[in-house]
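Participant: My structure is in data-v3.cif, and what it holds is mmCIF, C-alpha atoms:
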data_query
loop_
_atom_site.label_atom_id
_atom_site.label_comp_id
_atom_site.auth_asym_id
_atom_site.auth_seq_id
_atom_site.Cartn_x
_atom_site.Cartn_y
_atom_site.Cartn_z
CA MET A 1 -15.12 93.78 8.02
CA GLY A 2 -13.44 93.88 11.39
CA SER A 3 -9.68 94.21 11.18
CA PHE A 4 -9.11 90.99 13.14
CA MET A 5 -9.58 88.93 9.95
CA ASP A 6 -6.07 89.90 8.85
CA VAL A 7 -4.80 88.10 11.93
CA LEU A 8 -7.30 85.27 11.62
CA ILE A 9 -6.07 84.26 8.18
CA LEU A 10 -2.58 83.79 9.56
CA VAL A 11 -3.66 80.89 11.76
CA VAL A 12 -4.25 78.66 8.75
CA VAL A 13 -1.88 75.72 8.90
CA ALA A 14 0.71 75.94 6.15
CA GLY A 15 0.33 73.37 3.43
CA LEU A 16 -3.41 72.72 3.73
CA ALA A 17 -4.56 71.64 0.29
CA TRP A 18 -7.33 73.34 -1.64
CA ALA A 19 -10.47 71.26 -1.96
CA SER A 20 -10.68 69.19 -5.12
CA PRO A 21 -13.22 70.19 -7.75
CA VAL A 22 -16.70 69.08 -6.81
CA ARG A 23 -18.01 66.03 -8.62
CA ASP A 24 -21.62 65.71 -9.65
CA ASP A 25 -21.96 62.58 -7.54
CA ASP A 26 -20.66 64.18 -4.34
CA GLU A 27 -23.15 63.54 -1.57
CA LEU A 28 -24.97 66.25 0.34
CA LYS A 29 -24.75 65.21 3.98
CA ALA A 30 -26.21 68.10 5.96
CA VAL A 31 -27.68 71.58 5.61
CA VAL A 32 -27.76 74.39 8.16
CA VAL A 33 -29.90 77.46 7.49
CA LEU A 34 -29.72 80.53 9.70
CA PHE A 35 -32.26 83.21 8.84
CA ARG A 36 -33.58 86.52 10.08
CA HIS A 37 -37.24 86.74 10.97
CA GLY A 38 -39.72 88.26 8.55
CA ASP A 39 -41.05 91.82 8.30
CA ARG A 40 -42.03 93.29 11.65
CA THR A 41 -43.44 96.43 13.20
CA PRO A 42 -40.95 98.99 14.56
CA LEU A 43 -39.41 98.58 18.01
CA SER A 44 -38.62 102.28 18.33
CA SER A 45 -38.64 105.51 16.35
CA TRP A 46 -37.60 109.16 16.37
CA PRO A 47 -39.48 111.44 18.81
CA ASN A 48 -41.60 113.35 16.29
CA ASP A 49 -42.52 110.32 14.15
CA GLU A 50 -46.24 110.53 13.37
CA TYR A 51 -46.63 106.80 12.73
CA PHE A 52 -44.97 105.06 15.66
CA GLY A 53 -47.35 103.89 18.37
CA ASN A 54 -50.43 104.22 16.13
CA GLU A 55 -52.51 101.17 17.05
CA THR A 56 -54.53 101.47 13.85
CA LEU A 57 -51.40 101.19 11.75
CA PHE A 58 -49.75 98.60 14.00
CA PRO A 59 -52.47 96.55 15.69
CA GLU A 60 -49.92 93.78 16.33
CA GLY A 61 -47.90 95.98 18.73
CA THR A 62 -44.21 96.85 18.64
CA GLY A 63 -41.63 94.44 17.26
CA GLN A 64 -44.20 91.91 16.04
CA LEU A 65 -44.29 89.90 12.83
CA ILE A 66 -46.73 91.25 10.24
CA ASN A 67 -48.51 89.40 7.45
CA SER A 68 -45.93 90.29 4.82
CA GLY A 69 -43.29 88.79 7.11
CA LYS A 70 -45.26 85.57 7.40
CA GLU A 71 -45.67 85.44 3.63
CA ARG A 72 -41.98 86.13 3.06
CA HIS A 73 -41.03 83.17 5.25
CA TYR A 74 -43.68 80.92 3.76
CA GLU A 75 -42.13 81.58 0.36
CA LEU A 76 -38.65 80.97 1.75
CA GLY A 77 -39.86 77.61 3.04
CA GLN A 78 -41.15 76.81 -0.44
CA TRP A 79 -37.71 77.74 -1.81
CA PHE A 80 -36.08 75.35 0.66
CA ARG A 81 -38.50 72.66 -0.51
CA GLU A 82 -37.55 73.19 -4.14
CA ARG A 83 -33.81 73.34 -3.45
CA TYR A 84 -33.66 70.35 -1.11
CA ASP A 85 -36.47 68.19 -2.46
CA GLY A 86 -35.24 64.61 -2.34
CA PHE A 87 -32.66 65.45 0.31
CA LEU A 88 -35.59 66.22 2.58
CA PRO A 89 -38.62 63.97 2.31
CA LYS A 90 -41.85 65.63 1.29
CA LYS A 91 -43.49 64.50 4.51
CA TYR A 92 -42.28 65.88 7.81
CA HIS A 93 -40.45 63.46 10.09
CA HIS A 94 -38.53 64.48 13.18
CA ASP A 95 -35.50 62.37 12.20
CA TYR A 96 -34.73 64.68 9.26
CA ILE A 97 -35.06 68.22 10.60
CA TYR A 98 -34.53 70.08 13.84
CA VAL A 99 -35.75 73.64 14.30
CA GLN A 100 -34.43 76.05 16.89
CA SER A 101 -35.48 79.66 17.41
CA THR A 102 -34.65 82.46 19.76
CA ASP A 103 -37.31 82.95 22.41
CA VAL A 104 -38.88 85.93 20.64
CA ASP A 105 -42.37 86.08 19.16
CA ARG A 106 -41.32 87.16 15.67
CA THR A 107 -38.63 84.47 15.28
CA LEU A 108 -40.91 81.71 16.54
CA GLN A 109 -43.67 82.82 14.17
CA SER A 110 -41.21 83.12 11.27
CA ALA A 111 -40.03 79.55 11.81
CA ALA A 112 -43.64 78.34 11.88
CA SER A 113 -44.45 80.23 8.68
CA ASN A 114 -41.34 78.85 7.00
CA LEU A 115 -42.20 75.28 7.95
CA ALA A 116 -45.68 75.72 6.51
CA GLY A 117 -44.05 76.29 3.12
CA LEU A 118 -41.46 73.56 3.56
CA PHE A 119 -43.72 70.76 4.77
CA PRO A 120 -47.33 71.20 3.60
CA PRO A 121 -49.23 68.17 4.89
CA GLU A 122 -50.01 65.32 2.52
CA ASP A 123 -52.16 62.19 2.77
CA GLU A 124 -52.40 60.96 6.35
CA GLN A 125 -50.70 64.11 7.66
CA VAL A 126 -53.76 66.18 6.70
CA TRP A 127 -55.66 66.41 9.97
CA ASN A 128 -58.07 69.19 8.96
CA ARG A 129 -59.21 69.60 5.34
CA ASN A 130 -59.88 73.27 5.97
CA LEU A 131 -56.39 73.91 7.30
CA LEU A 132 -53.54 72.54 5.19
CA TRP A 133 -50.96 73.02 7.92
CA GLN A 134 -49.27 70.78 10.44
CA ALA A 135 -47.77 71.44 13.84
CA ILE A 136 -44.00 70.97 13.64
CA PRO A 137 -41.92 71.35 16.82
CA ILE A 138 -39.91 74.53 17.21
CA HIS A 139 -37.40 74.46 20.06
CA THR A 140 -36.26 77.46 22.04
CA ALA A 141 -34.58 78.49 25.28
CA PRO A 142 -34.77 81.54 27.59
CA GLN A 143 -32.93 84.48 26.10
CA ASP A 144 -30.47 84.78 28.98
CA GLU A 145 -29.45 81.15 28.46
CA ASP A 146 -29.21 81.06 24.67
CA GLN A 147 -25.62 81.89 23.82
CA ILE A 148 -25.89 80.05 20.52
CA LEU A 149 -28.42 82.30 18.74
CA ILE A 150 -29.39 85.38 20.77
CA ALA A 151 -25.89 85.59 22.32
CA GLU A 152 -26.74 88.22 24.88
CA GLY A 153 -25.83 86.31 28.02
CA PRO A 154 -23.81 88.11 30.69
CA CYS A 155 -20.12 88.29 29.81
CA ALA A 156 -18.11 90.85 31.76
CA LYS A 157 -15.03 90.52 29.57
CA TYR A 158 -17.03 91.09 26.39
CA ASP A 159 -18.71 94.16 27.87
CA LYS A 160 -15.34 95.63 28.84
CA LEU A 161 -13.77 94.96 25.44
CA LEU A 162 -16.72 96.51 23.62
CA ALA A 163 -16.70 99.55 25.92
CA ASP A 164 -12.97 99.98 25.28
CA LEU A 165 -13.61 99.82 21.54
CA MET A 166 -16.38 102.42 21.72
CA SER A 167 -14.12 104.79 23.65
CA SER A 168 -11.12 104.31 21.35
CA ASP A 169 -9.69 107.26 19.43
CA GLN A 170 -11.01 105.94 16.10
CA PHE A 171 -14.58 105.57 17.30
CA ARG A 172 -14.53 108.93 19.08
CA GLN A 173 -13.27 110.54 15.88
CA TRP A 174 -16.12 109.07 13.85
CA ASN A 175 -18.65 110.68 16.17
CA THR A 176 -16.73 113.95 16.04
CA ASP A 177 -16.78 113.88 12.25
CA LEU A 178 -20.55 113.32 12.31
CA HIS A 179 -21.32 116.16 14.72
CA GLU A 180 -22.83 118.44 12.07
CA VAL A 181 -25.03 115.56 10.88
CA TYR A 182 -26.16 115.00 14.46
CA VAL A 183 -27.07 118.67 14.85
CA ASN A 184 -29.13 118.67 11.65
CA LEU A 185 -30.87 115.36 12.35
CA SER A 186 -31.68 116.34 15.92
CA GLN A 187 -33.62 119.34 14.59
CA LEU A 188 -35.45 117.13 12.10
CA THR A 189 -36.22 114.15 14.33
CA GLY A 190 -36.82 115.66 17.74
CA TYR A 191 -33.79 114.00 19.32
CA THR A 192 -31.42 116.15 21.33
CA VAL A 193 -27.89 116.43 19.96
CA GLU A 194 -26.68 114.53 23.04
CA GLU A 195 -28.92 111.59 22.11
CA MET A 196 -27.40 111.30 18.65
CA ASP A 197 -24.66 108.81 17.89
CA ILE A 198 -23.96 106.08 15.35
CA GLY A 199 -26.25 103.73 17.27
CA THR A 200 -29.06 106.26 16.77
CA LEU A 201 -28.34 106.28 13.03
CA ALA A 202 -28.64 102.48 12.98
CA ALA A 203 -31.98 102.66 14.80
CA LEU A 204 -33.20 105.26 12.31
CA PHE A 205 -32.21 102.97 9.46
CA THR A 206 -34.26 100.07 10.77
CA THR A 207 -37.44 102.07 11.30
CA ILE A 208 -37.16 103.95 8.00
CA ASP A 209 -36.54 100.66 6.22
CA ILE A 210 -39.70 99.19 7.76
CA TYR A 211 -41.74 102.21 6.72
CA LYS A 212 -40.35 102.00 3.19
CA GLY A 213 -41.47 98.38 3.04
CA MET A 214 -44.95 99.46 4.13
CA ASN A 215 -45.03 102.24 1.51
CA PHE A 216 -45.54 104.95 4.12
CA THR A 217 -45.08 108.57 3.09
CA LEU A 218 -41.91 109.72 4.82
CA PRO A 219 -40.41 113.14 5.64
CA SER A 220 -38.06 114.46 2.97
CA TRP A 221 -35.08 114.28 5.33
CA THR A 222 -35.30 110.48 5.36
CA GLU A 223 -34.47 110.43 1.65
CA GLU A 224 -31.80 113.10 1.90
CA TYR A 225 -29.93 111.32 4.69
CA TRP A 226 -30.72 107.75 3.62
CA PRO A 227 -27.34 106.92 2.01
CA LEU A 228 -25.45 108.16 5.05
CA ILE A 229 -27.77 106.43 7.52
CA LYS A 230 -27.64 103.19 5.54
CA ASN A 231 -23.84 103.25 5.36
CA TRP A 232 -23.31 103.86 9.07
CA ALA A 233 -25.94 101.30 10.05
CA ALA A 234 -24.08 98.67 8.04
CA ARG A 235 -20.83 99.59 9.77
CA LYS A 236 -22.46 99.63 13.20
CA PHE A 237 -23.60 96.01 12.75
CA GLN A 238 -19.94 94.95 12.48
CA TRP A 239 -18.89 96.36 15.81
CA PRO A 240 -20.05 93.52 18.11
CA THR A 241 -17.48 91.28 16.35
CA TYR A 242 -15.00 93.95 15.29
CA THR A 243 -11.96 92.24 16.86
CA GLN A 244 -10.96 88.61 17.19
CA GLN A 245 -11.62 88.64 20.94
CA LEU A 246 -15.06 90.18 20.50
CA ALA A 247 -15.90 87.66 17.77
CA ARG A 248 -14.78 84.78 19.98
CA LEU A 249 -16.95 85.82 22.92
CA LYS A 250 -19.93 86.77 20.75
CA THR A 251 -20.00 83.91 18.25
CA GLY A 252 -17.58 81.27 19.51
CA PRO A 253 -20.27 79.06 21.11
CA PHE A 254 -22.28 79.15 17.86
CA PHE A 255 -19.37 77.87 15.80
CA ASP A 256 -18.58 75.25 18.43
CA TYR A 257 -22.17 74.09 18.06
CA LEU A 258 -21.93 74.16 14.26
CA PHE A 259 -18.81 71.97 14.22
CA SER A 260 -20.32 69.62 16.80
CA TYR A 261 -23.27 69.22 14.47
CA PHE A 262 -21.08 68.55 11.44
CA ASP A 263 -19.05 66.00 13.40
CA SER A 264 -22.23 64.28 14.56
CA VAL A 265 -23.45 64.06 10.97
CA LYS A 266 -20.11 62.65 9.79
CA GLU A 267 -20.04 60.04 12.53
CA ASN A 268 -23.78 59.37 12.54
CA THR A 269 -23.90 60.02 16.28
CA LEU A 270 -26.08 62.04 18.60
CA LEU A 271 -25.60 65.79 18.62
CA PRO A 272 -24.26 66.63 22.10
CA ALA A 273 -26.58 68.43 24.49
CA ARG A 274 -24.52 71.58 24.27
CA ASN A 275 -26.64 74.05 22.37
CA VAL A 276 -27.64 75.90 25.52
CA ARG A 277 -25.83 76.27 28.81
CA GLY A 278 -27.25 79.05 30.89
CA PRO A 279 -26.23 80.65 34.17
CA ARG A 280 -27.88 77.74 35.99
CA HIS A 281 -25.93 75.27 33.80
CA GLN A 282 -29.08 73.82 32.37
CA LEU A 283 -28.64 71.78 29.21
CA ILE A 284 -31.18 71.38 26.47
CA ALA A 285 -30.56 68.34 24.33
CA ILE A 286 -31.73 67.89 20.78
CA PRO A 287 -32.94 64.63 19.33
CA SER A 288 -32.10 61.27 20.84
CA SER A 289 -31.83 59.86 17.30
CA PRO A 290 -28.71 60.55 15.15
CA ALA A 291 -28.16 64.14 14.10
CA PRO A 292 -30.83 65.30 11.61
CA ARG A 293 -29.71 66.24 8.11
CA PHE A 294 -31.37 69.67 8.19
CA LEU A 295 -30.82 72.21 10.98
CA MET A 296 -33.05 75.29 10.84
CA LEU A 297 -32.14 78.29 13.03
CA SER A 298 -34.50 81.25 13.32
CA ALA A 299 -32.97 84.45 14.67
CA HIS A 300 -32.22 88.12 14.03
CA ASP A 301 -30.29 90.56 11.84
CA THR A 302 -27.56 90.77 14.49
CA THR A 303 -27.28 86.97 14.57
CA ILE A 304 -26.48 86.98 10.87
CA SER A 305 -24.22 90.04 10.86
CA ASP A 306 -22.21 88.82 13.85
CA ARG A 307 -21.54 85.41 12.31
CA THR A 308 -20.82 86.59 8.79
CA ASN A 309 -18.49 89.31 10.08
CA ALA A 310 -16.72 86.79 12.30
CA MET A 311 -16.07 84.69 9.17
CA GLY A 312 -14.97 87.67 7.08
CA VAL A 313 -17.93 87.39 4.69
CA TYR A 314 -20.13 90.21 5.97
CA PRO A 315 -22.17 91.54 3.01
CA ASN A 316 -21.58 95.21 3.99
CA ALA A 317 -25.28 95.76 4.53
CA VAL A 318 -27.73 95.27 7.37
CA PRO A 319 -29.27 91.83 6.79
CA GLU A 320 -32.78 92.33 5.44
CA PHE A 321 -35.87 90.45 6.57
CA ALA A 322 -35.66 86.68 5.94
CA SER A 323 -32.08 86.91 4.69
CA THR A 324 -30.40 83.55 5.13
CA VAL A 325 -26.94 82.07 5.57
CA ILE A 326 -26.71 78.48 4.30
CA TRP A 327 -24.05 75.90 5.11
CA GLU A 328 -23.99 72.72 3.03
CA LEU A 329 -21.81 69.83 4.17
CA LYS A 330 -20.88 67.51 1.31
CA GLN A 331 -18.72 64.42 0.95
CA GLY A 332 -16.49 63.76 -2.04
CA GLN A 333 -13.28 61.96 -2.91
CA SER A 334 -11.24 64.42 -0.83
CA GLY A 335 -13.47 64.03 2.21
CA HIS A 336 -16.05 66.35 3.72
CA TYR A 337 -16.20 69.95 2.58
CA VAL A 338 -18.36 73.01 3.27
CA ASN A 339 -20.09 75.39 0.88
CA MET A 340 -21.72 78.59 2.11
CA TYR A 341 -24.37 80.77 0.51
CA PHE A 342 -26.19 83.99 1.32
CA LYS A 343 -29.79 84.43 0.21
CA ASN A 344 -31.86 87.59 0.27
CA SER A 345 -34.52 89.20 -1.89
CA THR A 346 -32.08 89.78 -4.74
CA GLY A 347 -31.00 86.15 -5.08
CA VAL A 348 -28.43 83.66 -3.85
CA SER A 349 -24.67 84.25 -3.80
CA GLN A 350 -21.71 82.13 -2.80
CA LEU A 351 -19.81 83.01 0.36
CA THR A 352 -16.09 82.28 0.25
CA MET A 353 -14.22 82.76 3.50
CA PRO A 354 -10.80 84.42 3.23
CA GLY A 355 -8.15 81.72 3.21
CA CYS A 356 -10.19 78.97 1.60
CA SER A 357 -11.85 78.06 -1.67
CA PHE A 358 -15.59 77.87 -2.15
CA ASN A 359 -15.50 74.07 -1.77
CA CYS A 360 -13.69 74.40 1.54
CA LEU A 361 -12.51 71.16 3.13
CA LEU A 362 -14.09 70.85 6.56
CA ASP A 363 -10.69 70.64 8.25
CA GLU A 364 -9.58 73.84 6.48
CA TYR A 365 -12.79 75.59 7.44
CA ARG A 366 -12.35 74.52 11.06
CA ALA A 367 -8.71 75.67 11.09
CA LEU A 368 -9.66 79.12 9.79
CA LEU A 369 -12.11 79.61 12.64
CA ASP A 370 -10.13 77.85 15.33
CA SER A 371 -9.15 81.08 17.09
CA ILE A 372 -12.75 82.12 17.68
CA VAL A 373 -14.41 78.74 18.38
CA VAL A 374 -15.05 78.22 22.08
CA ASN A 375 -17.24 75.78 24.02
CA MET A 376 -19.59 76.97 26.73
CA ASP A 377 -17.44 75.89 29.65
CA LEU A 378 -14.42 77.79 28.37
CA TRP A 379 -16.62 80.72 27.31
CA THR A 380 -17.87 81.05 30.88
CA GLN A 381 -14.31 81.06 32.21
CA GLU A 382 -13.14 83.64 29.70
CA CYS A 383 -16.11 85.89 30.36
CA ASN A 384 -15.17 86.07 34.02
CA ASP A 385 -11.49 86.74 33.28
CA VAL A 386 -11.62 90.52 33.46
#
Kindly transcribe the structure held in the file into structure tokens.
Facilitator:
Amino acid sequence: MGSFMDVLILVVVAGLAWASPVRDDDELKAVVVLFRHGDRTPLSSWPNDEYFGNETLFPEGTGQLINSGKERHYELGQWFRERYDGFLPKKYHHDYIYVQSTDVDRTLQSAASNLAGLFPPEDEQVWNRNLLWQAIPIHTAPQDEDQILIAEGPCAKYDKLLADLMSSDQFRQWNTDLHEVYVNLSQLTGYTVEEMDIGTLAALFTTIDIYKGMNFTLPSWTEEYWPLIKNWAARKFQWPTYTQQLARLKTGPFFDYLFSYFDSVKENTLLPARNVRGPRHQLIAIPSSPAPRFLMLSAHDTTISDRTNAMGVYPNAVPEFASTVIWELKQGQSGHYVNMYFKNSTGVSQLTMPGCSFNCLLDEYRALLDSIVVNMDLWTQECNDV
């Protein structure tokens, strides 16, 4: 994880109590799920790749969701139904769930596929006997205005801090140490040596991983270099949030939104219209009724890696397709507390943030992240403070 977590833990207020043991009758108040889209076609590949760009193999085009990705999310939606049945009604109603996606084809389609598994129509909701599916709203915003999920809006300070990190002695040394690897891989892939860096290794990982999932026959070098490529790709995904300042500017608005949602659930009030504030200061509000109990967020591998690394719970691997971070807000005798989980193809595991127990009191959880939480107004100011 990024080294800033050592500093982050120190901000915890002395004397905060550990959460009391969870009782069976503690009430689940809200659930947030943040997942990566399903399996997709490659966005890029190495120069001498024989598969990339083949329209017969990839009729969908580059970077598009494929059928196995739709199926993976449909099954994830069914898993949500089983896990939260009773907490969520069987029949869709807008008061109970709000769905937000990045403005990208594959994330929008993944959310739709997931909802098909979560809310299959019943009774009067069946509008076509030949199509057991219902249209559930999926909300989105332009990519340059979505600092909550895509988080790629212009931020001069972030760009400078990241550039400084990339040019630091440590990062330069890593590339120096990998020079022989770069020379060998350039001969095998068709890249020039000058085009090779750790970012190139991460791109190789993603495309090779897609081809493995499709059972393509791959060159022998992909197997030989796979452990190294996989390791460096995992490390590369930590860099956007490698320091506390980077984490604040990259993920701070997301956590501000998350806590606003939790507070709205606690107080049974409207969720503020703060999920998107773009360069034109446009706001997109979510429901006019009290905050829904289930918040579904459809995004990307970087969305998950950035947020888990910012919390110090990065799984040391590139998030796979449909991998999911889950926040559950519960209420017990000690008050409201948060449990986190990470789900991927191998199962579900608990996430425990450094400095808190698994059943982390909401106030403790908030205190741990206080140094990186930032609202959009302050984020805009800090981005311009170069």
Participant: Out of A:Tyr158, A:Tyr261, A:Tyr341, A:Trp127, which residue has the shortest atom-to-atom distance to Asn384 of chain A when counting only C-alpha atoms?
Facilitator: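 Residue with the minimum atom-to-atom distance to Asn384 of chain A: A:Tyr158.
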Participant: When you look at Gln125 of chain A with a cut-off of 8 Å (counting all atoms listed in the file), what residues show up, excluding the ones that are within fewer than 2 positions of it in the same chain? I need them as a list in words.
Facilitator: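 So the residues in contact are Lys91, Pro121, Glu122, Asp123, Trp127 and Gln134 of chain A.
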Participant: Rank A:Leu297, A:Ile66, A:Ile326, A:Ala234 by their smallest atom-to-atom distance to Ile150 of chain A, using all atoms listed in the file, and report the top residue only.
Facilitator: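 The answer is A:Leu297, which sits nearest to Ile150 of chain A.
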Participant: Enter the distance from atom CA of Asp209 of chain A to atom CA of Val318 of chain A, in Å, rounded to one decimal.
Facilitator: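 Between these atoms lies a distance of 10.4 Å.
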Participant: For this structure, which residues satisfy the selection - the PyMOL selection byres ((chain A and resi 309) around 9) - when it is evaluated on the file as given? I want them as number ranges by chain.
Facilitator: A: 1-2, 5, 237-238, 241-242, 247, 304-308, 310-315
Participant: Which value, in Å to one decimal, gives the distance between atom CA of His93 of chain A and atom CA of Tyr257 of chain A?
Facilitator: 22.6 Å
Participant: Mind telling me what the PyMOL selection byres ((chain A and resi 29) around 7) catches here, as a ChimeraX atom specification?
Facilitator: /A:27-28,30,293,329-331
Participant: Report the distance between atom CA of Lys70 of chain A and atom CA of Lys90 of chain A in Å, rounded to one decimal place.
Facilitator: 21.1 Å
Participant: Nearest residue to His300 of chain A out of A:Pro219, A:Pro227, A:Gly53, A:Gly63, using only C-alpha atoms?
Facilitator: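 So, comparing all the options, the nearest one is A:Gly63.
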Participant: Here's the selection I'm unsure about, the PyMOL selection byres ((chain A and resi 319-321) around 7); applied to the file above, which residues does it give, as JSON, numbers by chain?
Facilitator: {"A": [36, 37, 38, 39, 301, 304, 305, 317, 318, 322, 323]}
Participant: For Tyr51 of chain A, work out the shell of residues within 10 Å, counting all atoms listed in the file and skipping chain neighbours fewer than 6 positions away, then give it as a list in words.
Facilitator: Pro42, Ser45, Leu57, Phe58, Tyr211, Phe216, Thr217 and Leu218 of chain A
Participant: Go ahead and write the selection's residues with C-alpha atoms as a PDB file, in the frame of the given file.
Facilitator:
ATOM      1  CA  PRO A  42     -40.950  98.990  14.560  1.00  0.00           C
ATOM      2  CA  SER A  45     -38.640 105.510  16.350  1.00  0.00           C
ATOM      3  CA  LEU A  57     -51.400 101.190  11.750  1.00  0.00           C
ATOM      4  CA  PHE A  58     -49.750  98.600  14.000  1.00  0.00           C
ATOM      5  CA  TYR A 211     -41.740 102.210   6.720  1.00  0.00           C
ATOM      6  CA  PHE A 216     -45.540 104.950   4.120  1.00  0.00           C
ATOM      7  CA  THR A 217     -45.080 108.570   3.090  1.00  0.00           C
ATOM      8  CA  LEU A 218     -41.910 109.720   4.820  1.00  0.00           C
TER       9      LEU A 218
END
Participant: List the spatial neighbours of Ser68 of chain A as a list in words - criterion: any atom at most 10 Å away, all atoms listed in the file, same-chain residues fewer than 5 positions off excluded.
Facilitator: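 Returned residues: Gly38, Asp39, Arg40, His73, Tyr74, Gly213 and Met214 of chain A.
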Participant: Out of A:Asn359, A:Ser349, A:Thr251, A:Thr41, which residue has the shortest atom-to-atom distance to Gly153 of chain A when counting only C-alpha atoms?
Facilitator: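 So, comparing all the options, the nearest one is A:Thr251.
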Participant: Given the choices A:Glu180, A:Ser260, A:Gly335, A:Leu249, which gets closest to Lys157 of chain A if the distance is worked out from all atoms listed in the file?
Facilitator: A:Leu249
Participant: Would you kindly return, as a list in words, each protein, DNA or RNA residue with an atom no farther than 8 Å from any atom of segment 204-208 of chain A, considering all atoms listed in the file and excluding same-chain residues fewer than 3 positions away?
Facilitator: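 Listing them by chain and then by number gives Pro42, Leu43, Ser44, Ser45, Trp46, Thr200, Leu201, Tyr211, Lys212, Thr222, Trp226, Ile229, Lys230 and Ala233 of chain A.
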Participant: Listing only residues of segment 115-175 of chain A within 12 Å of segment 373-379 of chain A, what is the closest atom pair and its distance in Å (to one decimal) for each, using all atoms listed in the file, sorted by chain and residue number ascending, as a Markdown table?
Facilitator:
| residue | atom | partner | partner_atom | distance |
| --- | --- | --- | --- | --- |
| A:Glu145 | CA | A:Met376 | CA | 10.8 |
| A:Asp146 | CA | A:Met376 | CA | 10.7 |
| A:Gln147 | CA | A:Met376 | CA | 8.3 |
| A:Ile148 | CA | A:Met376 | CA | 9.4 |
| A:Ala151 | CA | A:Met376 | CA | 11.6 |
| A:Gly153 | CA | A:Trp379 | CA | 10.8 |
| A:Pro154 | CA | A:Trp379 | CA | 10.9 |
| A:Cys155 | CA | A:Trp379 | CA | 8.7 |
| A:Ala156 | CA | A:Trp379 | CA | 11.2 |
| A:Lys157 | CA | A:Trp379 | CA | 10.2 |
| A:Tyr158 | CA | A:Trp379 | CA | 10.4 |
Participant: So, counting all atoms listed in the file, which residue among A:Tyr98, A:Asn67, A:His179, A:Leu88 is closest to Pro290 of chain A?
Facilitator: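 Using all atoms listed in the file, Pro290 of chain A sits closest to A:Tyr98.
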